[in-house]
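Structure first, then comments.
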Amino acid sequence: MTRIDTQRIDGKAAAAALSAETAAKVTEWTASGHRRPALAVVLVGEDPASQVYVRNKQRQTEAVGMRSIGHHLPADIDQAALLHLVAELNADPEVDGILVQLPLPKHIDTARVIAAIDPDKDVDGLHVVNAGRLANGLAGLVPCTPLGCLILLEQTLGREALRGANALVIGRSILVGKPVAQLLLGANCTVTIAHGSTRDLPDAVRAADIVVAAVGRPKLIAGGWLKPGATVIDVGINRVETPAGKSQLVGDVDYESAQGIAAHITPVPGGVGPMTIACLLANTLKAAELRRARLLA
Ligand SMILES: Nc1nc2c(c(=O)[nH]1)N[C@@H](CN(C=O)c1ccc(C(=O)N[C@@H](CCC(=O)O)C(=O)O)cc1)CN2
């Protein structure tokens, strides 16, 4: 079989370009007399990965000229206290975006917390109102990682190439799988969603022009399953131990065996991950603009 020259999709460069665009828009926004957009980030507990992500979010928010407001709550905080903080942030006219870092400790009802966030400040796009707006093709705040996937696909293939393409989304979470499927549908792809009960995953992968993998299973998808020339967006970020005993990040797709078969593939790290925070910054500015427009209406 002919080997294809597989192109690596550089998510780090795309994220840097998007953040530079956001920074320029923030400068324009404040120069025209508006207050700096402000993002409140709520972290509950001491999960080490969440602490790193939150620190990066706060640093990057300030770097594009927006205000970052951090709330770090103890792991044993009760649900009522967390809901009370969300209500305070909803009512604060100086706060444009609210993000509650996930996962939350087991004793907290995550769905209730997300439901308590004002949909117009929901920069994660996870509230049912924003999920409904996305499903119905209405303007709203779109989840960050799915938005990052769509931007990478549009930049790599062009919007016209997405029309009619067979797109397979593997995973059905509210954070990635379901919203990315909606975005692909909105881009006129023919969308299939595979999940834990899918009978023949290799067969579904073989039929796909575009594969978005978001299952959190290291190297689940073998390169040999892919249709030659497919485009692969790997959302998985899995920490594994190498045979030499070192810790390494790998995706849901076996990157090495996809070489020579896929036309384009995102690496892990350096693919979709960096787009998540860049899209969060873009969403925070969008939330400030939407709130201002609603206040004037
Ligand atoms: N409220 C939310 N919680 C979580 C989200 C989210 O979008 N909203 N997503 C993930 C974590 N996450 C952001 O919060 C996130 C994950 C990964 C990256 C990233 O840039 N990853 C790097 C690798 C980083 C490493 O070395 O560990 C990469 O892929 O290149 C950014 C943000 C769950 N929680």
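Letters A, B, ... mark the chains of the structure tokens in the order given; residue numbers begin at 1 per chain; ligand numbers begin at 1, in order shown.
The contact shell of ligand 1, defined as all polymer residues within 6 Å when only C-alpha atoms and all ligand atoms are used, comprises Tyr53, Leu99, Val100, Gln101, Leu102, Asp124, Cys144, Thr145, Val268, Pro269, Gly270, Gly271, Val272, Gly273, Pro274, Thr276 and Ile277 of chain A.
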*Please, which residues of range 51-193 of chain A, numbered as in this document, come out helix (DSSP H, G or I) from DSSP, as number ranges by chain?*
A: 51-63, 79-91, 110-116, 119-121, 128-135, 144-157, 159-162, 177-186
Any chance you could tabulate, as a tab-separated table, the residues of range 164-266 of chain A at most 12 Å from range 11-20 of chain A with each one's nearest atom pair and distance in Å to one decimal, using only C-alpha atoms, in chain and rising number order?
```
residue	atom	partner	partner_atom	distance
A:Ile233	CA	A:Gly11	CA	10.2
A:Asp234	CA	A:Gly11	CA	10.9
A:Val235	CA	A:Gly11	CA	11.2
A:Ile265	CA	A:Gly11	CA	10.3
A:Thr266	CA	A:Gly11	CA	7.1
```
*Nearest to Ile261 in chain A: which of A:Leu226, A:Cys149, A:Ala80, A:Ala131 is it, counting only C-alpha atoms?*
A:Leu226
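Picture a line from CA of Asp209 in chain A to CA of Asn166 in chain A; it runs 5.2 Å.
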*asked:* Would you compute the distance between CA of Val232 in chain A and CA of His264 in chain A? Give it in Å to one decimal.
replied: 6.1 Å
Within 10 Å of range 59-65 of chain A, which residues of range 259-283 of chain A show up? Give each one with its shortest atom-to-atom distance in Å (one decimal) and the two atoms involved, counting only C-alpha atoms, rows by chain then rising residue number, as a Markdown table.
```
| residue | atom | partner | partner_atom | distance |
| --- | --- | --- | --- | --- |
| A:Ile277 | CA | A:Gln60 | CA | 7.9 |
| A:Ala278 | CA | A:Gln60 | CA | 8.3 |
| A:Leu280 | CA | A:Thr61 | CA | 8.8 |
| A:Leu281 | CA | A:Thr61 | CA | 6.3 |
| A:Ala282 | CA | A:Thr61 | CA | 9.8 |
```
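In this comparison, which uses only C-alpha atoms, the residue of A:Val240, A:Leu43, A:Ala24, A:Leu89 approaching Pro105 in chain A most closely is A:Leu43.
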*asked:* Between A:Ala263, A:Cys279, A:Thr27, A:Arg199, which residue has the minimum interatomic distance to Leu157 in chain A, considering only C-alpha atoms?
replied: A:Ala263
*Mind checking which residues fall within 10 Å of His34 in chain A, counting only C-alpha atoms, ignoring those fewer than 5 positions away in the same chain, and posting them as an MDAnalysis selection string?*
chainID A and resid 26:29 288:289 292
For the residues selected in the previous step, produce a file with C-alpha atoms as a PDB file, in the first residue's frame.
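Saved as out_15.pdb:
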```
ATOM      1  CA  VAL A  26      -9.123  42.899  24.199  1.00  0.00           C
ATOM      2  CA  THR A  27      -6.873  45.919  23.534  1.00  0.00           C
ATOM      3  CA  GLU A  28      -9.510  47.313  21.151  1.00  0.00           C
ATOM      4  CA  TRP A  29     -12.301  46.577  23.670  1.00  0.00           C
ATOM      5  CA  ALA A 288     -18.204  40.166  27.894  1.00  0.00           C
ATOM      6  CA  GLU A 289     -19.410  41.316  24.462  1.00  0.00           C
ATOM      7  CA  ARG A 292     -22.818  44.216  27.079  1.00  0.00           C
TER       8      ARG A 292
END
```
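Remark: for Pro218 in chain A, the closest of the candidate residues A:His107, A:Arg239, A:His195, A:Arg206 is A:Arg239 (distances computed over only C-alpha atoms).
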_Would you pick out the contacts of range 210-213 of chain A at 9 Å or less, using only C-alpha atoms, so that residues sharing its chain but fewer than 3 positions from it are not included, and give the list as a list of chain:residue names?_
A:Cys149, A:Leu153, A:Leu162, A:Ala165, A:Asn166, A:Ala167, A:Leu168, A:Val169, A:Ile170, A:Gly171, A:Gly177, A:Val180, A:Val205, A:Gly216, A:Ile221, A:Leu226, A:Ala230, A:Thr231, A:Val232, A:Ile233, A:Asp234, A:Val235, A:Gly236, A:Gly251, A:Asp252, A:Val253
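What separates CA of Pro146 in chain A from CA of Arg172 in chain A is a distance of 11.9 Å.
The residues of range 31-167 of chain A that DSSP assigns to strand (DSSP E) on this backbone come out as Ala38, Leu39, Ala40, Val41, Val42, Leu43, Val44, Arg67, Ser68, Ile69, Gly70, His71, His72, Leu73, Gly97, Ile98, Leu99, Val100, Asn166 and Ala167 of chain A.
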For the selection just defined, write its residues with N, CA and C atoms to a file, as a PDB file, in the first residue's frame.
```pdb
ATOM      1  N   ALA A  38     -13.405  39.947  32.673  1.00  0.00           N
ATOM      2  CA  ALA A  38     -12.905  39.241  33.864  1.00  0.00           C
ATOM      3  C   ALA A  38     -13.409  37.798  33.888  1.00  0.00           C
ATOM      4  N   LEU A  39     -12.483  36.885  34.170  1.00  0.00           N
ATOM      5  CA  LEU A  39     -12.815  35.452  34.261  1.00  0.00           C
ATOM      6  C   LEU A  39     -12.596  34.962  35.692  1.00  0.00           C
ATOM      7  N   ALA A  40     -13.658  34.412  36.300  1.00  0.00           N
ATOM      8  CA  ALA A  40     -13.535  33.805  37.631  1.00  0.00           C
ATOM      9  C   ALA A  40     -13.346  32.299  37.467  1.00  0.00           C
ATOM     10  N   VAL A  41     -12.274  31.771  38.061  1.00  0.00           N
ATOM     11  CA  VAL A  41     -11.988  30.334  37.974  1.00  0.00           C
ATOM     12  C   VAL A  41     -12.105  29.742  39.375  1.00  0.00           C
ATOM     13  N   VAL A  42     -12.949  28.697  39.490  1.00  0.00           N
ATOM     14  CA  VAL A  42     -13.175  28.066  40.791  1.00  0.00           C
ATOM     15  C   VAL A  42     -12.505  26.686  40.792  1.00  0.00           C
ATOM     16  N   LEU A  43     -11.581  26.509  41.723  1.00  0.00           N
ATOM     17  CA  LEU A  43     -10.905  25.212  41.873  1.00  0.00           C
ATOM     18  C   LEU A  43     -11.285  24.635  43.232  1.00  0.00           C
ATOM     19  N   VAL A  44     -11.754  23.384  43.229  1.00  0.00           N
ATOM     20  CA  VAL A  44     -12.102  22.725  44.496  1.00  0.00           C
ATOM     21  C   VAL A  44     -11.115  21.575  44.710  1.00  0.00           C
ATOM     22  N   ARG A  67      -8.803  40.159  33.175  1.00  0.00           N
ATOM     23  CA  ARG A  67      -8.605  40.026  34.619  1.00  0.00           C
ATOM     24  C   ARG A  67      -8.937  38.597  35.042  1.00  0.00           C
ATOM     25  N   SER A  68      -8.079  38.043  35.899  1.00  0.00           N
ATOM     26  CA  SER A  68      -8.333  36.687  36.402  1.00  0.00           C
ATOM     27  C   SER A  68      -8.666  36.747  37.882  1.00  0.00           C
ATOM     28  N   ILE A  69      -9.770  36.090  38.250  1.00  0.00           N
ATOM     29  CA  ILE A  69     -10.186  36.061  39.662  1.00  0.00           C
ATOM     30  C   ILE A  69     -10.187  34.592  40.093  1.00  0.00           C
ATOM     31  N   GLY A  70      -9.336  34.244  41.045  1.00  0.00           N
ATOM     32  CA  GLY A  70      -9.233  32.841  41.459  1.00  0.00           C
ATOM     33  C   GLY A  70      -9.961  32.562  42.762  1.00  0.00           C
ATOM     34  N   HIS A  71     -10.645  31.436  42.845  1.00  0.00           N
ATOM     35  CA  HIS A  71     -11.268  30.969  44.095  1.00  0.00           C
ATOM     36  C   HIS A  71     -10.828  29.535  44.308  1.00  0.00           C
ATOM     37  N   HIS A  72     -10.016  29.305  45.340  1.00  0.00           N
ATOM     38  CA  HIS A  72      -9.557  27.949  45.631  1.00  0.00           C
ATOM     39  C   HIS A  72     -10.252  27.481  46.916  1.00  0.00           C
ATOM     40  N   LEU A  73     -11.106  26.462  46.788  1.00  0.00           N
ATOM     41  CA  LEU A  73     -11.900  25.993  47.926  1.00  0.00           C
ATOM     42  C   LEU A  73     -11.371  24.637  48.400  1.00  0.00           C
ATOM     43  N   GLY A  97     -17.070  35.903  32.988  1.00  0.00           N
ATOM     44  CA  GLY A  97     -17.061  34.461  32.763  1.00  0.00           C
ATOM     45  C   GLY A  97     -16.820  33.707  34.062  1.00  0.00           C
ATOM     46  N   ILE A  98     -17.490  32.545  34.184  1.00  0.00           N
ATOM     47  CA  ILE A  98     -17.302  31.686  35.371  1.00  0.00           C
ATOM     48  C   ILE A  98     -16.926  30.299  34.878  1.00  0.00           C
ATOM     49  N   LEU A  99     -15.862  29.752  35.458  1.00  0.00           N
ATOM     50  CA  LEU A  99     -15.446  28.392  35.097  1.00  0.00           C
ATOM     51  C   LEU A  99     -15.212  27.609  36.382  1.00  0.00           C
ATOM     52  N   VAL A 100     -15.870  26.474  36.502  1.00  0.00           N
ATOM     53  CA  VAL A 100     -15.622  25.584  37.641  1.00  0.00           C
ATOM     54  C   VAL A 100     -14.777  24.428  37.100  1.00  0.00           C
ATOM     55  N   ASN A 166     -17.440  11.997   6.159  1.00  0.00           N
ATOM     56  CA  ASN A 166     -17.857  11.067   7.227  1.00  0.00           C
ATOM     57  C   ASN A 166     -16.994  11.317   8.444  1.00  0.00           C
ATOM     58  N   ALA A 167     -17.608  11.854   9.507  1.00  0.00           N
ATOM     59  CA  ALA A 167     -16.858  12.158  10.730  1.00  0.00           C
ATOM     60  C   ALA A 167     -17.277  11.184  11.823  1.00  0.00           C
TER      61      ALA A 167
END
```
